[in-house]
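*Asks:* input.cif is reproduced in full below (mmCIF, C-alpha atoms and all ligand atoms).
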```cif
data_work
loop_
_atom_site.group_PDB
_atom_site.id
_atom_site.type_symbol
_atom_site.label_atom_id
_atom_site.label_comp_id
_atom_site.auth_asym_id
_atom_site.auth_seq_id
_atom_site.Cartn_x
_atom_site.Cartn_y
_atom_site.Cartn_z
ATOM 1 C CA MET A 1 57.026 24.297 -25.061
ATOM 2 C CA MET A 2 53.426 25.154 -24.237
ATOM 3 C CA LYS A 3 50.958 23.727 -26.757
ATOM 4 C CA ARG A 4 48.762 26.318 -28.389
ATOM 5 C CA VAL A 5 45.008 25.816 -28.892
ATOM 6 C CA LEU A 6 42.757 27.959 -31.076
ATOM 7 C CA LEU A 7 39.071 28.241 -30.162
ATOM 8 C CA THR A 8 37.357 29.092 -33.434
ATOM 9 C CA ARG A 9 34.089 30.342 -31.877
ATOM 10 C CA ILE A 10 32.919 31.758 -28.565
ATOM 11 C CA PHE A 11 32.279 28.502 -26.705
ATOM 12 C CA PRO A 12 31.039 28.106 -23.102
ATOM 13 C CA GLU A 13 33.785 29.535 -20.840
ATOM 14 C CA ARG A 14 34.708 26.216 -19.331
ATOM 15 C CA ALA A 15 36.403 25.090 -22.549
ATOM 16 C CA ALA A 16 39.029 27.844 -22.323
ATOM 17 C CA GLU A 17 39.263 27.484 -18.549
ATOM 18 C CA MET A 18 39.916 23.756 -18.665
ATOM 19 C CA LEU A 19 42.557 24.166 -21.362
ATOM 20 C CA SER A 20 44.305 27.042 -19.565
ATOM 21 C CA ASN A 21 44.232 25.154 -16.262
ATOM 22 C CA ALA A 22 45.785 22.167 -18.005
ATOM 23 C CA GLY A 23 48.702 24.348 -19.147
ATOM 24 C CA PHE A 24 47.729 25.175 -22.731
ATOM 25 C CA ALA A 25 48.051 28.611 -24.307
ATOM 26 C CA VAL A 26 44.562 29.452 -25.532
ATOM 27 C CA THR A 27 43.695 31.813 -28.364
ATOM 28 C CA GLN A 28 40.049 32.809 -28.543
ATOM 29 C CA TRP A 29 38.413 34.115 -31.738
ATOM 30 C CA GLN A 30 36.583 37.140 -30.372
ATOM 31 C CA GLU A 31 33.807 37.754 -32.867
ATOM 32 C CA ASP A 32 30.350 36.234 -32.821
ATOM 33 C CA ARG A 33 30.499 35.283 -36.506
ATOM 34 C CA PRO A 34 32.419 32.255 -37.793
ATOM 35 C CA MET A 35 35.836 32.961 -39.288
ATOM 36 C CA LEU A 36 36.179 33.186 -43.037
ATOM 37 C CA LYS A 37 38.217 30.383 -44.559
ATOM 38 C CA GLU A 38 41.309 32.572 -44.965
ATOM 39 C CA GLU A 39 40.993 33.899 -41.427
ATOM 40 C CA LEU A 40 40.754 30.367 -40.092
ATOM 41 C CA ILE A 41 43.880 29.307 -41.968
ATOM 42 C CA GLN A 42 45.762 32.383 -40.884
ATOM 43 C CA MET A 43 44.777 32.030 -37.229
ATOM 44 C CA THR A 44 45.504 28.303 -37.112
ATOM 45 C CA GLN A 45 49.060 28.677 -38.495
ATOM 46 C CA ASP A 46 50.805 28.895 -35.150
ATOM 47 C CA HIS A 47 48.559 26.497 -33.260
ATOM 48 C CA ASP A 48 48.888 22.820 -32.383
ATOM 49 C CA ALA A 49 45.186 22.168 -31.862
ATOM 50 C CA ILE A 50 41.840 23.666 -32.795
ATOM 51 C CA LEU A 51 38.557 23.466 -30.977
ATOM 52 C CA CYS A 52 36.114 24.064 -33.807
ATOM 53 C CA THR A 53 32.511 23.475 -34.810
ATOM 54 C CA LEU A 54 30.214 22.840 -37.741
ATOM 55 C CA THR A 55 30.526 26.376 -39.133
ATOM 56 C CA ASP A 56 34.263 25.829 -39.802
ATOM 57 C CA THR A 57 35.369 24.240 -43.063
ATOM 58 C CA ILE A 58 38.135 21.820 -42.180
ATOM 59 C CA ASP A 59 39.060 20.506 -45.614
ATOM 60 C CA LYS A 60 42.250 19.336 -47.303
ATOM 61 C CA ALA A 61 43.254 22.858 -48.342
ATOM 62 C CA PHE A 62 42.965 23.950 -44.717
ATOM 63 C CA MET A 63 44.994 21.014 -43.402
ATOM 64 C CA ASP A 64 47.658 21.424 -46.106
ATOM 65 C CA ALA A 65 47.966 25.079 -45.148
ATOM 66 C CA CYS A 66 48.289 24.313 -41.412
ATOM 67 C CA PRO A 67 51.103 21.737 -41.103
ATOM 68 C CA ARG A 68 51.617 22.416 -37.403
ATOM 69 C CA LEU A 69 48.116 21.186 -36.523
ATOM 70 C CA GLU A 70 48.207 17.961 -34.481
ATOM 71 C CA VAL A 71 44.624 17.538 -33.337
ATOM 72 C CA ILE A 72 41.099 18.666 -34.253
ATOM 73 C CA SER A 73 38.416 18.761 -31.580
ATOM 74 C CA GLN A 74 34.915 19.293 -32.916
ATOM 75 C CA PHE A 75 32.230 20.852 -30.699
ATOM 76 C CA ALA A 76 29.320 18.886 -32.262
ATOM 77 C CA VAL A 77 28.221 15.323 -32.806
ATOM 78 C CA GLY A 78 28.089 15.770 -36.594
ATOM 79 C CA TYR A 79 31.396 16.314 -38.354
ATOM 80 C CA ASP A 80 30.523 16.597 -42.055
ATOM 81 C CA ASN A 81 32.397 19.939 -42.101
ATOM 82 C CA ILE A 82 35.628 17.985 -41.585
ATOM 83 C CA ASP A 83 37.426 15.957 -44.237
ATOM 84 C CA VAL A 84 38.097 13.036 -41.908
ATOM 85 C CA ALA A 85 39.779 10.920 -44.616
ATOM 86 C CA THR A 86 42.435 13.590 -45.130
ATOM 87 C CA ALA A 87 42.855 14.106 -41.391
ATOM 88 C CA THR A 88 43.377 10.356 -40.991
ATOM 89 C CA LEU A 89 45.939 10.259 -43.811
ATOM 90 C CA LYS A 90 47.811 13.025 -42.046
ATOM 91 C CA GLY A 91 47.542 11.196 -38.697
ATOM 92 C CA ILE A 92 45.385 13.938 -37.167
ATOM 93 C CA PRO A 93 42.803 12.607 -34.708
ATOM 94 C CA VAL A 94 39.361 14.226 -34.793
ATOM 95 C CA GLY A 95 37.420 14.458 -31.532
ATOM 96 C CA TYR A 96 33.658 15.017 -31.364
ATOM 97 C CA THR A 97 30.904 15.305 -28.744
ATOM 98 C CA PRO A 98 28.327 12.493 -28.904
ATOM 99 C CA ASP A 99 25.852 11.468 -26.161
ATOM 100 C CA VAL A 100 25.735 14.720 -24.210
ATOM 101 C CA LEU A 101 23.376 16.415 -26.693
ATOM 102 C CA THR A 102 21.151 13.431 -27.436
ATOM 103 C CA GLU A 103 18.187 14.352 -25.238
ATOM 104 C CA ALA A 104 18.353 18.070 -26.077
ATOM 105 C CA THR A 105 18.268 17.347 -29.798
ATOM 106 C CA ALA A 106 15.513 14.750 -29.523
ATOM 107 C CA ASP A 107 13.459 17.336 -27.613
ATOM 108 C CA VAL A 108 13.733 19.719 -30.566
ATOM 109 C CA ALA A 109 12.658 17.008 -33.021
ATOM 110 C CA PHE A 110 9.722 16.114 -30.776
ATOM 111 C CA GLY A 111 8.820 19.784 -30.268
ATOM 112 C CA LEU A 112 8.925 20.506 -33.994
ATOM 113 C CA MET A 113 6.688 17.501 -34.629
ATOM 114 C CA ILE A 114 4.037 18.720 -32.183
ATOM 115 C CA ASN A 115 4.317 22.339 -33.302
ATOM 116 C CA ALA A 116 4.103 21.617 -37.005
ATOM 117 C CA SER A 117 1.288 19.101 -36.541
ATOM 118 C CA ARG A 118 -0.857 21.846 -34.934
ATOM 119 C CA ASN A 119 0.353 24.826 -37.032
ATOM 120 C CA MET A 120 1.621 26.495 -33.868
ATOM 121 C CA PHE A 121 4.406 28.639 -35.317
ATOM 122 C CA PHE A 122 2.079 29.856 -38.062
ATOM 123 C CA MET A 123 -0.736 30.662 -35.639
ATOM 124 C CA HIS A 124 1.677 32.566 -33.427
ATOM 125 C CA LYS A 125 2.667 34.706 -36.398
ATOM 126 C CA GLN A 126 -1.032 35.347 -37.132
ATOM 127 C CA ILE A 127 -1.564 36.710 -33.630
ATOM 128 C CA ILE A 128 1.461 38.983 -33.933
ATOM 129 C CA ALA A 129 0.088 40.190 -37.268
ATOM 130 C CA GLY A 130 -3.163 41.208 -35.508
ATOM 131 C CA GLN A 131 -5.169 38.299 -36.936
ATOM 132 C CA TRP A 132 -6.390 36.486 -33.856
ATOM 133 C CA GLY A 133 -9.852 36.441 -35.418
ATOM 134 C CA TYR A 134 -12.506 34.418 -33.654
ATOM 135 C CA PHE A 135 -13.079 30.733 -32.973
ATOM 136 C CA ARG A 136 -13.520 29.046 -36.345
ATOM 137 C CA PRO A 137 -14.783 25.473 -36.307
ATOM 138 C CA LYS A 138 -13.257 24.480 -39.618
ATOM 139 C CA ALA A 139 -10.086 26.525 -39.840
ATOM 140 C CA HIS A 140 -6.412 25.686 -39.192
ATOM 141 C CA LEU A 141 -6.981 22.018 -38.531
ATOM 142 C CA GLY A 142 -3.921 20.034 -37.539
ATOM 143 C CA MET A 143 -3.241 16.338 -37.295
ATOM 144 C CA GLU A 144 -3.216 14.092 -34.244
ATOM 145 C CA LEU A 145 -0.193 11.959 -33.478
ATOM 146 C CA LYS A 146 -1.742 9.211 -31.358
ATOM 147 C CA ASN A 147 -1.172 5.708 -32.764
ATOM 148 C CA LYS A 148 0.476 7.052 -35.918
ATOM 149 C CA THR A 149 3.564 5.552 -37.549
ATOM 150 C CA LEU A 150 6.892 7.201 -36.846
ATOM 151 C CA GLY A 151 9.640 6.595 -39.397
ATOM 152 C CA ILE A 152 13.202 7.216 -38.301
ATOM 153 C CA LEU A 153 16.048 7.605 -40.759
ATOM 154 C CA GLY A 154 19.162 7.013 -38.665
ATOM 155 C CA MET A 155 18.339 4.937 -35.596
ATOM 156 C CA GLY A 156 21.349 5.968 -33.538
ATOM 157 C CA ARG A 157 21.391 7.760 -30.210
ATOM 158 C CA ILE A 158 19.183 10.706 -31.198
ATOM 159 C CA GLY A 159 16.836 8.688 -33.405
ATOM 160 C CA THR A 160 16.278 6.265 -30.532
ATOM 161 C CA ALA A 161 15.618 9.125 -28.090
ATOM 162 C CA MET A 162 13.046 10.612 -30.499
ATOM 163 C CA ALA A 163 11.357 7.233 -30.982
ATOM 164 C CA ARG A 164 11.197 6.730 -27.215
ATOM 165 C CA ARG A 165 9.383 10.068 -26.816
ATOM 166 C CA CYS A 166 6.916 9.270 -29.589
ATOM 167 C CA ARG A 167 6.097 5.837 -28.205
ATOM 168 C CA GLY A 168 5.707 7.129 -24.658
ATOM 169 C CA ALA A 169 3.602 10.149 -25.528
ATOM 170 C CA TYR A 170 1.561 8.878 -28.479
ATOM 171 C CA ASN A 171 1.959 5.114 -28.648
ATOM 172 C CA MET A 172 3.349 5.555 -32.159
ATOM 173 C CA SER A 173 4.525 2.479 -34.076
ATOM 174 C CA VAL A 174 8.175 2.819 -34.990
ATOM 175 C CA ILE A 175 9.778 1.838 -38.281
ATOM 176 C CA TYR A 176 13.345 2.757 -39.173
ATOM 177 C CA HIS A 177 15.987 2.656 -41.827
ATOM 178 C CA ASN A 178 19.665 2.689 -40.957
ATOM 179 C CA ARG A 179 23.080 1.619 -42.228
ATOM 180 C CA ASN A 180 22.939 -1.270 -39.749
ATOM 181 C CA ARG A 181 20.179 -2.965 -37.836
ATOM 182 C CA ASN A 182 19.773 -1.602 -34.321
ATOM 183 C CA GLU A 183 18.673 -4.607 -32.316
ATOM 184 C CA SER A 184 18.458 -2.870 -28.980
ATOM 185 C CA ALA A 185 16.069 -0.266 -30.469
ATOM 186 C CA GLU A 186 14.052 -3.071 -32.031
ATOM 187 C CA LYS A 187 13.731 -4.739 -28.653
ATOM 188 C CA GLU A 188 13.082 -1.619 -26.576
ATOM 189 C CA LEU A 189 10.734 0.179 -28.970
ATOM 190 C CA ASN A 190 9.335 -2.685 -30.959
ATOM 191 C CA ALA A 191 10.883 -0.893 -33.933
ATOM 192 C CA ARG A 192 10.739 -2.544 -37.335
ATOM 193 C CA TYR A 193 13.627 -2.287 -39.797
ATOM 194 C CA VAL A 194 12.445 -1.377 -43.308
ATOM 195 C CA ASP A 195 14.060 -0.375 -46.589
ATOM 196 C CA PHE A 196 14.125 3.315 -47.499
ATOM 197 C CA ASP A 197 11.145 3.130 -49.870
ATOM 198 C CA THR A 198 9.000 1.443 -47.227
ATOM 199 C CA LEU A 199 10.047 4.116 -44.735
ATOM 200 C CA LEU A 200 8.856 6.757 -47.193
ATOM 201 C CA ALA A 201 5.611 4.969 -47.987
ATOM 202 C CA GLU A 202 4.516 4.064 -44.453
ATOM 203 C CA SER A 203 5.597 6.972 -42.219
ATOM 204 C CA ASP A 204 3.029 9.455 -40.932
ATOM 205 C CA VAL A 205 5.900 11.350 -39.355
ATOM 206 C CA LEU A 206 9.341 10.875 -40.888
ATOM 207 C CA SER A 207 12.155 12.158 -38.706
ATOM 208 C CA VAL A 208 15.738 12.445 -39.949
ATOM 209 C CA HIS A 209 18.578 11.633 -37.539
ATOM 210 C CA CYS A 210 21.319 10.348 -39.831
ATOM 211 C CA ALA A 211 24.749 11.829 -40.502
ATOM 212 C CA LEU A 212 25.277 13.853 -43.673
ATOM 213 C CA THR A 213 27.433 11.655 -45.902
ATOM 214 C CA ARG A 214 27.848 10.967 -49.588
ATOM 215 C CA ASP A 215 25.015 8.438 -49.244
ATOM 216 C CA THR A 216 22.548 10.704 -47.475
ATOM 217 C CA ARG A 217 23.177 14.064 -49.185
ATOM 218 C CA GLY A 218 19.961 15.153 -50.887
ATOM 219 C CA ILE A 219 18.162 11.831 -50.419
ATOM 220 C CA PHE A 220 14.989 13.705 -49.591
ATOM 221 C CA ASN A 221 14.288 15.055 -53.051
ATOM 222 C CA LYS A 222 11.388 15.270 -55.470
ATOM 223 C CA ALA A 223 11.378 11.509 -56.044
ATOM 224 C CA SER A 224 11.430 10.565 -52.361
ATOM 225 C CA PHE A 225 8.881 13.191 -51.278
ATOM 226 C CA GLY A 226 6.722 11.794 -54.070
ATOM 227 C CA LYS A 227 6.735 8.382 -52.387
ATOM 228 C CA MET A 228 5.551 9.756 -49.041
ATOM 229 C CA LYS A 229 1.954 10.010 -47.837
ATOM 230 C CA HIS A 230 0.118 13.227 -48.719
ATOM 231 C CA THR A 231 -0.611 13.494 -45.000
ATOM 232 C CA ALA A 232 3.023 13.024 -43.906
ATOM 233 C CA LEU A 233 5.036 15.321 -41.693
ATOM 234 C CA PHE A 234 8.770 15.602 -42.468
ATOM 235 C CA ILE A 235 11.100 16.463 -39.564
ATOM 236 C CA ASN A 236 14.804 17.204 -39.973
ATOM 237 C CA THR A 237 17.037 17.971 -37.003
ATOM 238 C CA ALA A 238 20.156 16.344 -38.489
ATOM 239 C CA ARG A 239 21.661 18.296 -41.389
ATOM 240 C CA GLY A 240 19.962 20.454 -44.009
ATOM 241 C CA GLY A 241 22.045 18.801 -46.719
ATOM 242 C CA VAL A 242 19.987 15.622 -46.310
ATOM 243 C CA HIS A 243 17.019 17.353 -47.971
ATOM 244 C CA ASN A 244 16.780 19.273 -51.219
ATOM 245 C CA GLU A 245 15.060 22.412 -50.016
ATOM 246 C CA THR A 246 13.663 23.478 -53.388
ATOM 247 C CA ASP A 247 12.055 20.048 -53.721
ATOM 248 C CA LEU A 248 10.737 20.252 -50.161
ATOM 249 C CA ILE A 249 9.133 23.641 -50.831
ATOM 250 C CA GLU A 250 7.545 22.308 -53.982
ATOM 251 C CA ALA A 251 6.300 19.140 -52.239
ATOM 252 C CA LEU A 252 4.645 21.266 -49.549
ATOM 253 C CA GLU A 253 3.208 23.798 -51.989
ATOM 254 C CA ARG A 254 1.677 21.049 -54.097
ATOM 255 C CA GLY A 255 0.385 19.021 -51.175
ATOM 256 C CA VAL A 256 2.663 16.091 -51.992
ATOM 257 C CA ILE A 257 3.387 15.999 -48.254
ATOM 258 C CA TRP A 258 1.456 17.780 -45.500
ATOM 259 C CA GLY A 259 4.007 19.581 -43.342
ATOM 260 C CA ALA A 260 7.553 19.964 -42.091
ATOM 261 C CA GLY A 261 9.547 20.796 -38.985
ATOM 262 C CA LEU A 262 13.130 21.846 -39.553
ATOM 263 C CA ASP A 263 15.920 22.676 -37.159
ATOM 264 C CA VAL A 264 18.405 22.469 -40.012
ATOM 265 C CA THR A 265 18.026 24.077 -43.403
ATOM 266 C CA ASN A 266 19.772 24.020 -46.739
ATOM 267 C CA PRO A 267 21.532 26.418 -46.863
ATOM 268 C CA GLU A 268 22.061 27.812 -43.363
ATOM 269 C CA PRO A 269 21.223 30.455 -42.480
ATOM 270 C CA MET A 270 17.813 30.295 -44.163
ATOM 271 C CA LEU A 271 16.954 33.507 -46.011
ATOM 272 C CA PRO A 272 14.066 35.458 -44.440
ATOM 273 C CA GLU A 273 12.155 35.394 -47.734
ATOM 274 C CA ASN A 274 12.138 31.572 -47.846
ATOM 275 C CA PRO A 275 8.524 30.489 -48.580
ATOM 276 C CA LEU A 276 8.767 27.797 -45.871
ATOM 277 C CA LEU A 277 8.550 30.571 -43.294
ATOM 278 C CA GLN A 278 5.065 31.534 -44.525
ATOM 279 C CA MET A 279 3.581 28.042 -44.674
ATOM 280 C CA GLU A 280 0.874 27.025 -42.254
ATOM 281 C CA HIS A 281 2.081 23.475 -41.587
ATOM 282 C CA VAL A 282 5.770 24.319 -41.250
ATOM 283 C CA ALA A 283 7.868 25.073 -38.170
ATOM 284 C CA VAL A 284 11.464 26.231 -38.594
ATOM 285 C CA LEU A 285 14.171 26.732 -35.977
ATOM 286 C CA PRO A 286 17.717 28.054 -36.520
ATOM 287 C CA HIS A 287 19.777 24.933 -35.670
ATOM 288 C CA ILE A 288 19.291 24.951 -31.897
ATOM 289 C CA GLY A 289 19.103 21.187 -31.314
ATOM 290 C CA SER A 290 21.847 21.077 -28.704
ATOM 291 C CA ALA A 291 21.246 24.584 -27.356
ATOM 292 C CA THR A 292 20.592 23.926 -23.666
ATOM 293 C CA SER A 293 22.995 25.106 -20.950
ATOM 294 C CA GLU A 294 23.455 21.514 -19.860
ATOM 295 C CA ALA A 295 24.260 20.125 -23.302
ATOM 296 C CA ARG A 296 26.480 22.994 -24.422
ATOM 297 C CA ASN A 297 28.484 22.950 -21.175
ATOM 298 C CA ALA A 298 28.916 19.194 -21.466
ATOM 299 C CA MET A 299 29.991 19.583 -25.099
ATOM 300 C CA ALA A 300 32.566 22.199 -24.056
ATOM 301 C CA ASN A 301 33.861 19.823 -21.371
ATOM 302 C CA LEU A 302 34.177 16.954 -23.770
ATOM 303 C CA ALA A 303 35.783 18.976 -26.546
ATOM 304 C CA ALA A 304 38.372 20.439 -24.161
ATOM 305 C CA GLU A 305 38.995 17.076 -22.560
ATOM 306 C CA ASN A 306 39.593 15.446 -25.930
ATOM 307 C CA ILE A 307 42.463 17.889 -26.529
ATOM 308 C CA ILE A 308 43.872 17.557 -23.024
ATOM 309 C CA ARG A 309 43.824 13.762 -23.095
ATOM 310 C CA PHE A 310 45.364 13.671 -26.553
ATOM 311 C CA PHE A 311 48.416 15.672 -25.532
ATOM 312 C CA ARG A 312 48.722 13.827 -22.190
ATOM 313 C CA ASN A 313 48.347 10.208 -23.280
ATOM 314 C CA ARG A 314 47.394 10.161 -26.949
ATOM 315 C CA GLU A 315 43.841 9.179 -26.064
ATOM 316 C CA MET A 316 40.448 10.835 -26.327
ATOM 317 C CA HIS A 317 37.051 10.405 -24.750
ATOM 318 C CA SER A 318 35.400 10.331 -28.172
ATOM 319 C CA CYS A 319 37.301 10.159 -31.435
ATOM 320 C CA VAL A 320 36.054 9.782 -35.002
ATOM 321 C CA ASN A 321 39.272 8.166 -36.273
ATOM 322 C CA PRO A 322 40.816 6.362 -33.285
ATOM 323 C CA GLU A 323 43.435 4.782 -35.547
ATOM 324 C CA CYS A 324 45.263 8.132 -35.294
ATOM 325 C CA LEU A 325 45.654 7.904 -31.519
HETATM 326 C C1 LIG A 401 24.967 19.936 -34.191
HETATM 327 O O1 LIG A 401 24.405 20.105 -35.236
HETATM 328 C C2 LIG A 401 25.819 18.829 -33.922
HETATM 329 O O2 LIG A 401 26.160 18.085 -34.853
HETATM 330 O O3 LIG A 401 26.224 18.657 -32.764
#
```
How does this structure look as structure tokens?
Ligand code: GLV
*Replies:*
Amino acid sequence: MMKRVLLTRIFPERAAEMLSNAGFAVTQWQEDRPMLKEELIQMTQDHDAILCTLTDTIDKAFMDACPRLEVISQFAVGYDNIDVATATLKGIPVGYTPDVLTEATADVAFGLMINASRNMFFMHKQIIAGQWGYFRPKAHLGMELKNKTLGILGMGRIGTAMARRCRGAYNMSVIYHNRNRNESAEKELNARYVDFDTLLAESDVLSVHCALTRDTRGIFNKASFGKMKHTALFINTARGGVHNETDLIEALERGVIWGAGLDVTNPEPMLPENPLLQMEHVAVLPHIGSATSEARNAMANLAAENIIRFFRNREMHSCVNPECL
């Protein structure tokens, strides 16, 4: 019998095309919004596979309610929306899409750093509000990045790509904290491994690139912002759950840190009345790290291929829990 695949969002067309061409019956969720939890469960009932993304909650309740499900293919590199331990217990492999979005996401981190450091988003809003004003020698001063210290939390693919940009463009010194030492980054970027408190204390720009896990949830809170430099710029393009947003707002309001660039917020979507959106040294984007045609098409390819390969040969290009293959 034909295997049935549910696409939980409107993904680049090639995902559905590849699956149809490979002989799968494809169901496409037609609305722009993510499905509600009950809708997702109901739709998944008669499917063997889902191609999903970070806006879908794939927890134990979902998996218990969908016993026919054989494989989960995530369209994202992060997979904190999926209870991987439960999937593994049930023998369900979870695919994901690393590598192909590395450069796109590092570009957003780098762009946020430059934009926040020169108040660009804020100044743009001033112009729109009719407040161009005149040249003011002492107003709206930003910070330079040349020769500063870049701290990376999570020196994986994206963290390394960000560090490479910062070294090349600004000769920044790189320090990092990570679950494991990354010797190739140390060699290539002259990066120095430090403990978390040293990362906080020494970074002029601190850029977050780690996964959201039990260990990293909320680790940027009042206490950790308090250990950072008053002149520091905090960048998060990983997951909003890594920072406590109330504490971040307070740290910025009180001058505990200088500025922030966020592509991920806590919660998402950010409410329009969030004070971060009015702050001079803050730049916020709505989670567009991987949003280039190239990256999103490649992610669609990979996510579809992970499903196709699983049903053909019980293999995947990229799998979070390969013990299930
Ligand atoms: C996007 O946030 C991703 O994890 O790919």
*Asks:* Quick one: contact table of chain A to ligand LIG 401 (chain A), 10 Å max, nearest atom pair and distance in Å to one decimal per residue, counting all atoms listed in the file, chain and number order, as JSON lines?
*Replies:*
```
{"residue": "A:Thr53", "atom": "CA", "partner": "A:LIG401", "partner_atom": "O3", "distance": 8.2}
{"residue": "A:Leu54", "atom": "CA", "partner": "A:LIG401", "partner_atom": "O2", "distance": 6.9}
{"residue": "A:Thr55", "atom": "CA", "partner": "A:LIG401", "partner_atom": "O1", "distance": 9.6}
{"residue": "A:Gln74", "atom": "CA", "partner": "A:LIG401", "partner_atom": "O3", "distance": 8.7}
{"residue": "A:Phe75", "atom": "CA", "partner": "A:LIG401", "partner_atom": "O3", "distance": 6.7}
{"residue": "A:Ala76", "atom": "CA", "partner": "A:LIG401", "partner_atom": "O3", "distance": 3.1}
{"residue": "A:Val77", "atom": "CA", "partner": "A:LIG401", "partner_atom": "O3", "distance": 3.9}
{"residue": "A:Gly78", "atom": "CA", "partner": "A:LIG401", "partner_atom": "O2", "distance": 3.5}
{"residue": "A:Tyr79", "atom": "CA", "partner": "A:LIG401", "partner_atom": "O2", "distance": 6.5}
{"residue": "A:Asp80", "atom": "CA", "partner": "A:LIG401", "partner_atom": "O2", "distance": 8.6}
{"residue": "A:Asn81", "atom": "CA", "partner": "A:LIG401", "partner_atom": "O2", "distance": 9.7}
{"residue": "A:Tyr96", "atom": "CA", "partner": "A:LIG401", "partner_atom": "O3", "distance": 8.4}
{"residue": "A:Thr97", "atom": "CA", "partner": "A:LIG401", "partner_atom": "O3", "distance": 7.0}
{"residue": "A:Pro98", "atom": "CA", "partner": "A:LIG401", "partner_atom": "O3", "distance": 7.6}
{"residue": "A:Asp99", "atom": "CA", "partner": "A:LIG401", "partner_atom": "O3", "distance": 9.8}
{"residue": "A:Val100", "atom": "CA", "partner": "A:LIG401", "partner_atom": "O3", "distance": 9.4}
{"residue": "A:Leu101", "atom": "CA", "partner": "A:LIG401", "partner_atom": "O3", "distance": 7.1}
{"residue": "A:Thr102", "atom": "CA", "partner": "A:LIG401", "partner_atom": "O3", "distance": 9.0}
{"residue": "A:Thr105", "atom": "CA", "partner": "A:LIG401", "partner_atom": "C1", "distance": 8.4}
{"residue": "A:Ala211", "atom": "CA", "partner": "A:LIG401", "partner_atom": "O2", "distance": 8.5}
{"residue": "A:Leu212", "atom": "CA", "partner": "A:LIG401", "partner_atom": "O2", "distance": 9.8}
{"residue": "A:Thr237", "atom": "CA", "partner": "A:LIG401", "partner_atom": "O1", "distance": 7.9}
{"residue": "A:Ala238", "atom": "CA", "partner": "A:LIG401", "partner_atom": "O1", "distance": 6.5}
{"residue": "A:Arg239", "atom": "CA", "partner": "A:LIG401", "partner_atom": "O1", "distance": 7.0}
{"residue": "A:Gly240", "atom": "CA", "partner": "A:LIG401", "partner_atom": "O1", "distance": 9.8}
{"residue": "A:Asp263", "atom": "CA", "partner": "A:LIG401", "partner_atom": "O1", "distance": 9.1}
{"residue": "A:Val264", "atom": "CA", "partner": "A:LIG401", "partner_atom": "O1", "distance": 8.0}
{"residue": "A:His287", "atom": "CA", "partner": "A:LIG401", "partner_atom": "O1", "distance": 6.7}
{"residue": "A:Ile288", "atom": "CA", "partner": "A:LIG401", "partner_atom": "O1", "distance": 7.8}
{"residue": "A:Gly289", "atom": "CA", "partner": "A:LIG401", "partner_atom": "C1", "distance": 6.7}
{"residue": "A:Ser290", "atom": "CA", "partner": "A:LIG401", "partner_atom": "C1", "distance": 6.4}
{"residue": "A:Ala291", "atom": "CA", "partner": "A:LIG401", "partner_atom": "C1", "distance": 9.1}
{"residue": "A:Ala295", "atom": "CA", "partner": "A:LIG401", "partner_atom": "O3", "distance": 9.8}
{"residue": "A:Arg296", "atom": "CA", "partner": "A:LIG401", "partner_atom": "O3", "distance": 9.4}
{"residue": "A:Met299", "atom": "CA", "partner": "A:LIG401", "partner_atom": "O3", "distance": 8.6}
```
*Asks:* Taking 3 positions as the minimum chain separation for residues in the same chain, which residues sit within 12 Å of A:Thr57 when counting all atoms listed in the file? Answer as a PDB file with C-alpha atoms, in the frame of the given file.
*Replies:*
```pdb
ATOM      1  CA  THR A   8      37.357  29.092 -33.434  1.00  0.00           C
ATOM      2  CA  PRO A  34      32.419  32.255 -37.793  1.00  0.00           C
ATOM      3  CA  MET A  35      35.836  32.961 -39.288  1.00  0.00           C
ATOM      4  CA  LEU A  36      36.179  33.186 -43.037  1.00  0.00           C
ATOM      5  CA  LYS A  37      38.217  30.383 -44.559  1.00  0.00           C
ATOM      6  CA  GLU A  38      41.309  32.572 -44.965  1.00  0.00           C
ATOM      7  CA  GLU A  39      40.993  33.899 -41.427  1.00  0.00           C
ATOM      8  CA  LEU A  40      40.754  30.367 -40.092  1.00  0.00           C
ATOM      9  CA  ILE A  41      43.880  29.307 -41.968  1.00  0.00           C
ATOM     10  CA  CYS A  52      36.114  24.064 -33.807  1.00  0.00           C
ATOM     11  CA  THR A  53      32.511  23.475 -34.810  1.00  0.00           C
ATOM     12  CA  LEU A  54      30.214  22.840 -37.741  1.00  0.00           C
ATOM     13  CA  LYS A  60      42.250  19.336 -47.303  1.00  0.00           C
ATOM     14  CA  ALA A  61      43.254  22.858 -48.342  1.00  0.00           C
ATOM     15  CA  PHE A  62      42.965  23.950 -44.717  1.00  0.00           C
ATOM     16  CA  MET A  63      44.994  21.014 -43.402  1.00  0.00           C
ATOM     17  CA  ILE A  72      41.099  18.666 -34.253  1.00  0.00           C
ATOM     18  CA  GLN A  74      34.915  19.293 -32.916  1.00  0.00           C
ATOM     19  CA  TYR A  79      31.396  16.314 -38.354  1.00  0.00           C
ATOM     20  CA  ASP A  80      30.523  16.597 -42.055  1.00  0.00           C
ATOM     21  CA  ASN A  81      32.397  19.939 -42.101  1.00  0.00           C
ATOM     22  CA  ILE A  82      35.628  17.985 -41.585  1.00  0.00           C
ATOM     23  CA  ASP A  83      37.426  15.957 -44.237  1.00  0.00           C
ATOM     24  CA  VAL A  84      38.097  13.036 -41.908  1.00  0.00           C
TER      25      VAL A  84
END
```
*Asks:* Identify all residues satisfying the PyMOL selection byres (((chain A and resi 283) around 7) and not hetatm) in the given file; provide them as number ranges by chain.
*Replies:* A: 112, 115-116, 121, 260-262, 281-282, 284-285
*Asks:* Measuring between only C-alpha atoms, which one of A:His317, A:His47, A:His243, A:Lys227 shows the shortest distance to A:His209?
*Replies:*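 Using only C-alpha atoms, the shortest distance to A:His209 belongs to A:His243.
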